[in-house]
Amino acid sequence: MKKSAGFTIHDIAKLAGVSAMTVSRAINHPEKVSVAALARVREVVSRTGFVPNGMAGSLRSSRARLVAAAVPSLIGPVFQETIRALNQALDERGYQLMIGQSGYGDSREDALLDAIIRRRPDGIVLTGIMHSPEGRRLLLASGIPVVETWDLTPTPIDMLVGFSHERIGQSVCHFLYSRGYRYPVLLSANDERAHRRIDGFQGMARTLDQDAAPTYLVAAPTTLGSGRAGLSAILDKRPQTDAVFCSSDMLALGVLIEAQARGLTVPGQLAVVGLGDLELAASLQPALTTVRIDGTRMGRTAAQYIVDRAEGRSVSEPIVDIGFEIIERASA
């Protein structure tokens with residue numbers, strides 16, 4: 001069967017045994033199509049990998065010079081540096097950035113990807129590598145250059161700029177144990193990338209012949225309030241806790257506030273480590289030890305990859321591990 005990029009709405013109509021108008025209605029207004037016809041069209045679309053072009057009716061005669069980015073949250077600050085750098089780098093090259101919120105579940109991302117692909121941008125930048133089978137099918141069938149970020153895998157959909165969450169967990173665990181902390185706890189968002197940091201932390205604990213660290217999960221995106229509530233729950237159940245590794249700097253800020261409210265000294269009685277190295281981290285009292293991710297490099301590299309591919313140039317190194325750095329400050 002020929003590649004999906006070669007299919008037209010008339011091809012789908014012929015394969016489904018319906019009119020092109022019926023295919024159009026099935027895609028755009030399924031409530032106006034009979035159940036039987038809708039089932040036939042959807043079966044053919046799924047089998048061929050056909051991706052409707054939402055820009056097909058436009059008078060566009062050249063590239064859109066538009067890049068779409070999907071991030072889990074537009075509220076949380078952790079992705080802001082990457083998006084800011086991505087936007088600036090694209091703007092320097094004459095491209096516009098469109099941002100969508102994918103949430104932390106597959107179904108929301110699939111709906112967003114479908115809407116993005118219909119608009120035929122010159123490239124798509126994604127957060128993470130964990131996509132549903134339907135999401136991967138949409139991306140592969142579209143033929144649009146894709147850069148995945150904020151994660152690492154040897155088998156990306158297309159291109160990737162990121163880092164290993166497992167290695168972050170391992171490194172923070174080793175950091176805490178090397179400084180004498182023996183009762184650490186993980187306070188973490190309940191999302192897939194965070195779970196891999198937890199796995200890395202626990203694996204290093206086993207390597208160091210230490211007990212597994214308890215994990216307390218909170219909803220994503222994390223907030224200052226969930227940090228305060230999280231530390232309260234941790235200390236109520238495990239008062240001997242001497243260190244907390246938080247999955248974001250906002251969580252860590254909440255932990256610092258709750259520790260202060262309880263009269264705990266940091267790091268004397270409780271060490272705190274965050275993730276993200278937000279601008280506020282160095283200004284806190286005590287200054288926050290955290291994991292630094294080079295979001296600027298990630299965003300600018302993703303932009304360069306998209307522009308190169310959109311303009312017909314090859315990318316010699318489609319997978320880049322930008323690594324990370326533990327920034328040691330007063331809180332640990």
# chains A, B, ... in the order shown; residues from 1 in each chain; ligands from 1
call {"tool": "residues_around", "arguments": {"residues": "Leu112 in chain A", "least_positions_apart": "4", "cutoff": "9 Å", "atoms": "only C-alpha atoms", "output": "list in words"}}
result
Ala70, Gly100, Gln101, Ser102, Ser107, Arg108, Ile116 and Ile117 of chain A
call {"tool": "select_by_dssp", "arguments": {"residues": "range 160-193 of chain A", "states": "strand (DSSP E)", "output": "number ranges by chain"}}
result
A: 160-162, 184-189
call {"tool": "write_last_selection", "arguments": {"atoms": "N, CA and C atoms", "output": "tab-separated table (two decimals), in the first residue's frame"}}
result
chain	number	residue	atom	x	y	z
A	160	LEU	N	15.24	14.11	18.57
A	160	LEU	CA	15.07	14.22	20.02
A	160	LEU	C	16.17	15.07	20.62
A	161	VAL	N	15.79	15.95	21.55
A	161	VAL	CA	16.73	16.74	22.35
A	161	VAL	C	16.28	16.63	23.80
A	162	GLY	N	17.04	15.95	24.63
A	162	GLY	CA	16.55	15.74	25.99
A	162	GLY	C	17.60	15.24	26.94
A	184	PRO	N	15.83	9.54	53.27
A	184	PRO	CA	15.23	10.43	52.26
A	184	PRO	C	13.82	9.97	51.89
A	185	VAL	N	13.05	10.93	51.41
A	185	VAL	CA	11.71	10.66	50.90
A	185	VAL	C	11.57	11.37	49.56
A	186	LEU	N	10.81	10.77	48.65
A	186	LEU	CA	10.54	11.38	47.35
A	186	LEU	C	9.14	11.99	47.37
A	187	LEU	N	9.06	13.27	47.08
A	187	LEU	CA	7.77	13.95	46.94
A	187	LEU	C	7.63	14.29	45.47
A	188	SER	N	6.69	13.61	44.79
A	188	SER	CA	6.73	13.64	43.33
A	188	SER	C	5.36	13.78	42.69
A	189	ALA	N	5.37	14.45	41.54
A	189	ALA	CA	4.18	14.44	40.69
A	189	ALA	C	3.91	13.02	40.21
call {"tool": "residues_around", "arguments": {"residues": "range 6-23 of chain A", "least_positions_apart": "5", "cutoff": "10 Å", "atoms": "only C-alpha atoms", "output": "PyMOL selection string"}}
result
chain A and resi 28-30+32-34+37-45+48-53
call {"tool": "select_by_dssp", "arguments": {"residues": "range 107-195 of chain A", "states": "helix (DSSP H, G or I)", "output": "VMD selection string"}}
result
chain A and resid 107 to 118 133 to 142 165 to 178 192 to 195
call {"tool": "closest_residue", "arguments": {"among": "A:Leu278, A:Ile326, A:Leu152, A:Leu284", "to": "Gln80 in chain A", "atoms": "only C-alpha atoms"}}
result
A:Leu278
call {"tool": "residues_around", "arguments": {"residues": "Thr296 in chain A", "least_positions_apart": "3", "cutoff": "7 Å", "atoms": "only C-alpha atoms", "output": "ChimeraX atom specification"}}
result
/A:81-82,85,299-300
call {"tool": "residues_around", "arguments": {"residues": "Val146 in chain A", "least_positions_apart": "3", "cutoff": "10 Å", "atoms": "only C-alpha atoms", "output": "ChimeraX atom specification"}}
result
/A:67-69,122-126,139-140,142-143,149,156-160,302,305-306,309
